[in-house]
file entry_21.pdb (PDB, C-alpha atoms)
ATOM      1  CA  ALA J 297    -111.677 101.671 -12.514
ATOM      2  CA  ALA J 298    -114.359 104.151 -11.452
ATOM      3  CA  ILE J 299    -111.722 106.830 -10.785
ATOM      4  CA  GLY J 300    -110.800 106.758 -14.474
ATOM      5  CA  GLN J 301    -114.367 107.675 -15.466
ATOM      6  CA  LEU J 302    -114.563 110.875 -13.395
ATOM      7  CA  ARG J 303    -113.947 114.405 -14.720
ATOM      8  CA  PRO J 304    -112.427 116.157 -11.665
ATOM      9  CA  SER J 305    -110.067 119.131 -11.529
ATOM     10  CA  PRO J 306    -106.456 118.675 -12.724
ATOM     11  CA  GLN J 307    -105.204 118.669  -9.120
ATOM     12  CA  VAL J 308    -107.603 115.896  -8.153
ATOM     13  CA  VAL J 309    -106.687 113.948 -11.317
ATOM     14  CA  GLU J 310    -103.020 114.161 -10.345
ATOM     15  CA  GLU J 311    -103.807 112.913  -6.828
ATOM     16  CA  ALA J 312    -105.869 110.036  -8.254
ATOM     17  CA  ARG J 313    -103.101 109.176 -10.735
ATOM     18  CA  THR J 314    -100.532 109.101  -7.946
ATOM     19  CA  ALA J 315    -102.787 106.874  -5.812
ATOM     20  CA  CYS J 316    -103.334 104.491  -8.733
ATOM     21  CA  VAL J 317     -99.609 104.351  -9.496
ATOM     22  CA  GLU J 318     -98.909 103.474  -5.864
ATOM     23  CA  ALA J 319    -101.633 100.803  -5.885
ATOM     24  CA  LEU J 320    -100.314  99.327  -9.133
ATOM     25  CA  LYS J 321     -96.783  99.153  -7.776
ATOM     26  CA  HIS J 322     -97.336  98.092  -4.187
ATOM     27  CA  ASP J 323    -100.753  96.619  -3.421
ATOM     28  CA  THR J 324    -100.694  92.888  -2.737
ATOM     29  CA  ASN J 325    -104.190  92.270  -4.111
ATOM     30  CA  VAL J 326    -104.342  91.371  -7.804
ATOM     31  CA  GLU J 327    -107.798  92.921  -8.247
ATOM     32  CA  VAL J 328    -106.624  96.256  -6.821
ATOM     33  CA  ARG J 329    -103.610  96.274  -9.153
ATOM     34  CA  TYR J 330    -105.788  95.288 -12.125
ATOM     35  CA  SER J 331    -108.248  98.114 -11.396
ATOM     36  CA  ALA J 332    -105.407 100.597 -10.888
ATOM     37  CA  ALA J 333    -103.951  99.658 -14.287
ATOM     38  CA  LYS J 334    -107.308 100.141 -15.979
ATOM     39  CA  ALA J 335    -107.841 103.493 -14.263
ATOM     40  CA  LEU J 336    -104.368 104.678 -15.292
ATOM     41  CA  GLY J 337    -105.272 103.820 -18.880
ATOM     42  CA  GLN J 338    -108.059 106.361 -18.644
ATOM     43  CA  LEU J 339    -106.265 108.966 -16.537
ATOM     44  CA  GLY J 340    -103.209 109.033 -18.801
ATOM     45  CA  GLY J 341    -100.052 111.073 -18.298
ATOM     46  CA  ASP J 342     -96.395 110.166 -18.451
ATOM     47  CA  GLU J 343     -96.383 108.931 -14.846
ATOM     48  CA  ALA J 344     -99.188 106.503 -15.747
ATOM     49  CA  VAL J 345     -97.359 105.248 -18.846
ATOM     50  CA  THR J 346     -94.149 104.711 -16.883
ATOM     51  CA  ALA J 347     -95.971 102.768 -14.146
ATOM     52  CA  LEU J 348     -97.855 100.667 -16.706
ATOM     53  CA  THR J 349     -94.626  99.962 -18.570
ATOM     54  CA  GLU J 350     -93.017  98.754 -15.347
ATOM     55  CA  ALA J 351     -96.057  96.566 -14.663
ATOM     56  CA  CYS J 352     -95.634  94.879 -18.056
ATOM     57  CA  ARG J 353     -92.099  93.888 -17.071
ATOM     58  CA  GLN J 354     -92.522  93.262 -13.376
ATOM     59  CA  TYR J 355     -93.983  89.811 -12.916
ATOM     60  CA  GLN J 356     -92.068  86.560 -12.977
ATOM     61  CA  PRO J 357     -93.396  83.477 -14.805
ATOM     62  CA  SER J 358     -94.057  81.898 -11.414
ATOM     63  CA  ASP J 359     -96.545  84.677 -10.597
ATOM     64  CA  GLU J 360     -99.099  83.636 -13.214
ATOM     65  CA  CYS J 361    -102.097  85.320 -11.598
ATOM     66  CA  MET J 362    -100.450  88.754 -11.431
ATOM     67  CA  ARG J 363     -99.019  88.397 -14.950
ATOM     68  CA  ARG J 364    -102.303  87.317 -16.440
ATOM     69  CA  HIS J 365    -104.449  90.008 -14.845
ATOM     70  CA  VAL J 366    -102.167  92.959 -14.177
ATOM     71  CA  GLY J 367     -99.879  92.429 -17.176
ATOM     72  CA  VAL J 368    -102.848  92.219 -19.543
ATOM     73  CA  ALA J 369    -104.486  95.304 -18.054
ATOM     74  CA  ALA J 370    -101.211  97.247 -18.172
ATOM     75  CA  ALA J 371    -100.495  96.406 -21.814
ATOM     76  CA  ALA J 372    -104.079  97.196 -22.806
ATOM     77  CA  ALA J 373    -103.958 100.505 -20.931
ATOM     78  CA  ILE J 374    -100.717 101.522 -22.660
ATOM     79  CA  GLY J 375    -102.476 100.976 -25.989
ATOM     80  CA  GLN J 376    -105.255 103.368 -24.955
ATOM     81  CA  LEU J 377    -102.898 106.204 -24.087
ATOM     82  CA  ARG J 378    -101.100 108.720 -26.245
ATOM     83  CA  PRO J 379     -97.795 108.935 -24.387
ATOM     84  CA  SER J 380     -95.381 111.802 -24.853
ATOM     85  CA  PRO J 381     -92.296 111.168 -27.005
ATOM     86  CA  GLN J 382     -90.219 110.930 -23.829
ATOM     87  CA  VAL J 383     -91.980 107.773 -22.635
ATOM     88  CA  VAL J 384     -93.380 106.232 -25.831
ATOM     89  CA  GLU J 385     -90.110 104.467 -26.631
ATOM     90  CA  GLU J 386     -89.987 102.846 -23.198
ATOM     91  CA  ALA J 387     -93.629 101.742 -23.481
ATOM     92  CA  ARG J 388     -93.053 100.351 -26.973
ATOM     93  CA  THR J 389     -89.980  98.413 -25.828
ATOM     94  CA  ALA J 390     -91.881  96.899 -22.888
ATOM     95  CA  CYS J 391     -94.705  95.792 -25.187
ATOM     96  CA  VAL J 392     -92.228  94.309 -27.687
ATOM     97  CA  GLU J 393     -90.562  92.374 -24.861
ATOM     98  CA  ALA J 394     -93.934  91.119 -23.640
ATOM     99  CA  LEU J 395     -94.973  90.117 -27.161
ATOM    100  CA  LYS J 396     -91.753  88.205 -27.751
ATOM    101  CA  HIS J 397     -91.062  86.635 -24.378
ATOM    102  CA  ASP J 398     -94.060  86.448 -22.070
ATOM    103  CA  THR J 399     -95.365  82.917 -21.641
ATOM    104  CA  ASN J 400     -98.965  84.029 -21.144
ATOM    105  CA  VAL J 401    -101.032  84.224 -24.329
ATOM    106  CA  GLU J 402    -103.263  86.982 -22.926
ATOM    107  CA  VAL J 403    -100.292  89.213 -22.111
ATOM    108  CA  ARG J 404     -98.874  88.707 -25.614
ATOM    109  CA  TYR J 405    -102.278  89.415 -27.159
ATOM    110  CA  SER J 406    -102.620  92.691 -25.231
ATOM    111  CA  ALA J 407     -99.044  93.677 -26.050
ATOM    112  CA  ALA J 408     -99.715  93.131 -29.763
ATOM    113  CA  LYS J 409    -102.811  95.312 -29.610
ATOM    114  CA  ALA J 410    -100.919  98.031 -27.732
ATOM    115  CA  LEU J 411     -98.139  97.988 -30.338
ATOM    116  CA  GLY J 412    -100.751  98.591 -33.017
ATOM    117  CA  GLN J 413    -101.654 101.792 -31.188
ATOM    118  CA  LEU J 414     -98.080 102.866 -30.402
ATOM    119  CA  GLY J 415     -96.689 102.273 -33.901
ATOM    120  CA  GLY J 416     -93.076 102.728 -34.958
ATOM    121  CA  ASP J 417     -90.542 100.555 -36.761
ATOM    122  CA  GLU J 418     -89.810  98.426 -33.700
ATOM    123  CA  ALA J 419     -93.546  97.694 -33.349
ATOM    124  CA  VAL J 420     -93.907  96.737 -37.026
ATOM    125  CA  THR J 421     -90.909  94.406 -36.841
ATOM    126  CA  ALA J 422     -92.129  92.689 -33.656
ATOM    127  CA  LEU J 423     -95.674  92.324 -34.967
ATOM    128  CA  THR J 424     -94.431  90.911 -38.276
ATOM    129  CA  GLU J 425     -92.285  88.378 -36.407
ATOM    130  CA  ALA J 426     -95.269  87.444 -34.240
ATOM    131  CA  CYS J 427     -97.315  86.694 -37.358
ATOM    132  CA  ARG J 428     -94.652  84.205 -38.480
ATOM    133  CA  GLN J 429     -93.441  82.876 -35.149
ATOM    134  CA  TYR J 430     -95.824  80.194 -34.037
ATOM    135  CA  GLN J 431     -95.742  76.603 -35.194
ATOM    136  CA  PRO J 432     -98.938  74.754 -36.191
ATOM    137  CA  SER J 433     -98.581  72.724 -32.990
ATOM    138  CA  ASP J 434     -98.998  75.908 -30.942
ATOM    139  CA  GLU J 435    -102.579  76.581 -32.025
ATOM    140  CA  CYS J 436    -103.498  78.779 -29.061
ATOM    141  CA  MET J 437    -100.619  81.212 -29.603
ATOM    142  CA  ARG J 438    -101.146  81.227 -33.369
ATOM    143  CA  ARG J 439    -104.863  81.859 -33.086
ATOM    144  CA  HIS J 440    -104.754  84.586 -30.441
ATOM    145  CA  VAL J 441    -101.390  86.301 -30.757
ATOM    146  CA  GLY J 442    -101.006  85.842 -34.512
ATOM    147  CA  VAL J 443    -104.472  87.265 -35.150
ATOM    148  CA  ALA J 444    -103.865  90.191 -32.789
ATOM    149  CA  ALA J 445    -100.498  90.893 -34.415
ATOM    150  CA  ALA J 446    -101.961  90.878 -37.909
ATOM    151  CA  ALA J 447    -104.838  93.127 -36.844
ATOM    152  CA  ALA J 448    -102.407  95.484 -35.103
ATOM    153  CA  ILE J 449    -100.295  95.783 -38.250
ATOM    154  CA  GLY J 450    -103.464  96.797 -40.082
ATOM    155  CA  GLN J 451    -104.154  99.638 -37.663
ATOM    156  CA  LEU J 452    -100.640 101.099 -37.492
ATOM    157  CA  ARG J 453    -100.408 104.762 -38.314
TER     158      ARG J 453
END
call {"tool": "encode", "arguments": {"input": "entry_21.pdb", "output": "structure tokens"}}
result
Amino acid sequence: AAIGQLRPSPQVVEEARTACVEALKHDTNVEVRYSAAKALGQLGGDEAVTALTEACRQYQPSDECMRRHVGVAAAAAIGQLRPSPQVVEEARTACVEALKHDTNVEVRYSAAKALGQLGGDEAVTALTEACRQYQPSDECMRRHVGVAAAAAIGQLR
């Protein structure tokens, strides 16, 4: 995450972004991938958004540790960025999918927050559904995801 706090030249930023994308995609250590996702959220750029979007979709339910840490960091990082129109739709779709289908409450929470930043009709629809979706018996999802969805609707532009 320290790389994301530096103010180096554009060439060095591009090299750091590429290194973080590679770490996010291929490193076997969850902490390295988590830190790479956070750094990409600060470095920005379309390549970062694309890699973060892939990370939101990448992990299987059986890989709970990666989903919980890397998926959360990726969704949160997408929400921090201002992606170009070319990649915003892909990022929004990945966050909608995570909000609707991921089994991890933290991933859904982060996806809801990111959708509040990304905006758009698809985001509003998914966030509205998330506010209504959870049954009283699913208190954890209602409390965390429902609250995040409602707050995200309030911050849509």
call {"tool": "atom_distance", "arguments": {"input": "entry_21.pdb", "atom1": "CA of Tyr330 in chain J", "atom2": "CA of Glu360 in chain J"}}
result
13.5 Å
call {"tool": "resolve_selection", "arguments": {"input": "entry_21.pdb", "expression": "the PyMOL selection byres ((chain J and resi 393) around 12)", "output": "VMD selection string"}}
result
chain J and resid 349 to 350 352 to 354 371 386 to 392 394 to 399 403 to 404 407 to 408 411 418 to 419 422 to 423 426
call {"tool": "atom_distance", "arguments": {"input": "entry_21.pdb", "atom1": "CA of Ile449 in chain J", "atom2": "CA of Glu343 in chain J"}}
result
27.1 Å
call {"tool": "atom_distance", "arguments": {"input": "entry_21.pdb", "atom1": "CA of Lys409 in chain J", "atom2": "CA of Cys361 in chain J"}}
result
20.6 Å
call {"tool": "closest_residue", "arguments": {"input": "entry_21.pdb", "among": "J:Met437, J:Val368, J:Leu377, J:Val420", "to": "Val326 in chain J", "atoms": "all atoms listed in the file"}}
result
J:Val368
call {"tool": "residues_around", "arguments": {"input": "entry_21.pdb", "residues": "Gly337 in chain J", "least_positions_apart": "4", "cutoff": "12 Å", "atoms": "only C-alpha atoms", "output": "ChimeraX atom specification"}}
result
/J:297-301,313,316-317,320,330-333,341-349,368-379,410
call {"tool": "axis_aligned_box", "arguments": {"input": "entry_21.pdb", "around": "range 402-411 of chain J", "padding_each_side": "8 Å", "output": "AutoDock Vina command-line options"}}
result
--center_x -100.7 --center_y 92.5 --center_z -26.2 --size_x 21.1 --size_y 27.0 --size_z 24.2
call {"tool": "closest_residue", "arguments": {"input": "entry_21.pdb", "among": "J:Pro304, J:Gln413, J:Val383, J:Glu402", "to": "Gly442 in chain J", "atoms": "all atoms listed in the file"}}
result
J:Glu402
call {"tool": "closest_residue", "arguments": {"input": "entry_21.pdb", "among": "J:Asp417, J:Glu435, J:Glu318, J:Glu310", "to": "Val401 in chain J", "atoms": "all atoms listed in the file"}}
result
J:Glu435
call {"tool": "decode", "arguments": {"input": "entry_21.pdb", "residues": "range 433-453 of chain J", "atoms": "N, CA and C atoms", "output": "compact mmCIF listing (two decimals), in the first residue's frame"}}
result
# COMPACT_ATOMS: atom_id res chain seq x y z
N SER J 433 -34.60 -12.88 9.16
CA SER J 433 -33.76 -13.95 9.71
C SER J 433 -32.30 -13.80 9.31
N ASP J 434 -32.02 -12.98 8.32
CA ASP J 434 -30.64 -12.78 7.86
C ASP J 434 -30.15 -11.42 8.37
N GLU J 435 -30.07 -11.30 9.68
CA GLU J 435 -29.76 -10.03 10.34
C GLU J 435 -28.41 -9.46 9.92
N CYS J 436 -27.41 -10.30 9.77
CA CYS J 436 -26.07 -9.81 9.41
C CYS J 436 -26.09 -9.14 8.04
N MET J 437 -26.67 -9.80 7.05
CA MET J 437 -26.75 -9.21 5.71
C MET J 437 -27.60 -7.94 5.73
N ARG J 438 -28.73 -7.98 6.42
CA ARG J 438 -29.59 -6.80 6.47
C ARG J 438 -28.87 -5.63 7.11
N ARG J 439 -28.20 -5.88 8.21
CA ARG J 439 -27.55 -4.80 8.95
C ARG J 439 -26.39 -4.21 8.15
N HIS J 440 -25.54 -5.03 7.59
CA HIS J 440 -24.35 -4.52 6.92
C HIS J 440 -24.60 -4.12 5.47
N VAL J 441 -25.15 -5.02 4.69
CA VAL J 441 -25.33 -4.75 3.27
C VAL J 441 -26.50 -3.80 3.05
N GLY J 442 -27.60 -3.99 3.76
CA GLY J 442 -28.74 -3.09 3.61
C GLY J 442 -28.39 -1.67 3.99
N VAL J 443 -27.66 -1.49 5.07
CA VAL J 443 -27.23 -0.15 5.49
C VAL J 443 -26.29 0.46 4.46
N ALA J 444 -25.32 -0.33 3.98
CA ALA J 444 -24.39 0.19 2.98
C ALA J 444 -25.12 0.56 1.69
N ALA J 445 -26.09 -0.26 1.30
CA ALA J 445 -26.85 0.02 0.08
C ALA J 445 -27.65 1.31 0.22
N ALA J 446 -28.31 1.47 1.35
CA ALA J 446 -29.09 2.69 1.56
C ALA J 446 -28.19 3.92 1.59
N ALA J 447 -27.06 3.82 2.25
CA ALA J 447 -26.11 4.94 2.30
C ALA J 447 -25.57 5.25 0.91
N ALA J 448 -25.29 4.21 0.13
CA ALA J 448 -24.77 4.40 -1.22
C ALA J 448 -25.79 5.09 -2.12
N ILE J 449 -27.05 4.75 -1.97
CA ILE J 449 -28.10 5.42 -2.75
C ILE J 449 -28.09 6.91 -2.42
N GLY J 450 -27.89 7.24 -1.16
CA GLY J 450 -27.86 8.63 -0.73
C GLY J 450 -26.70 9.43 -1.29
N GLN J 451 -25.62 8.76 -1.67
CA GLN J 451 -24.46 9.49 -2.19
C GLN J 451 -24.33 9.44 -3.71
N LEU J 452 -25.28 8.81 -4.39
CA LEU J 452 -25.21 8.73 -5.85
C LEU J 452 -25.27 10.12 -6.45
N ARG J 453 -24.54 10.26 -7.53
CA ARG J 453 -24.51 11.57 -8.22
C ARG J 453 -25.45 11.56 -9.38
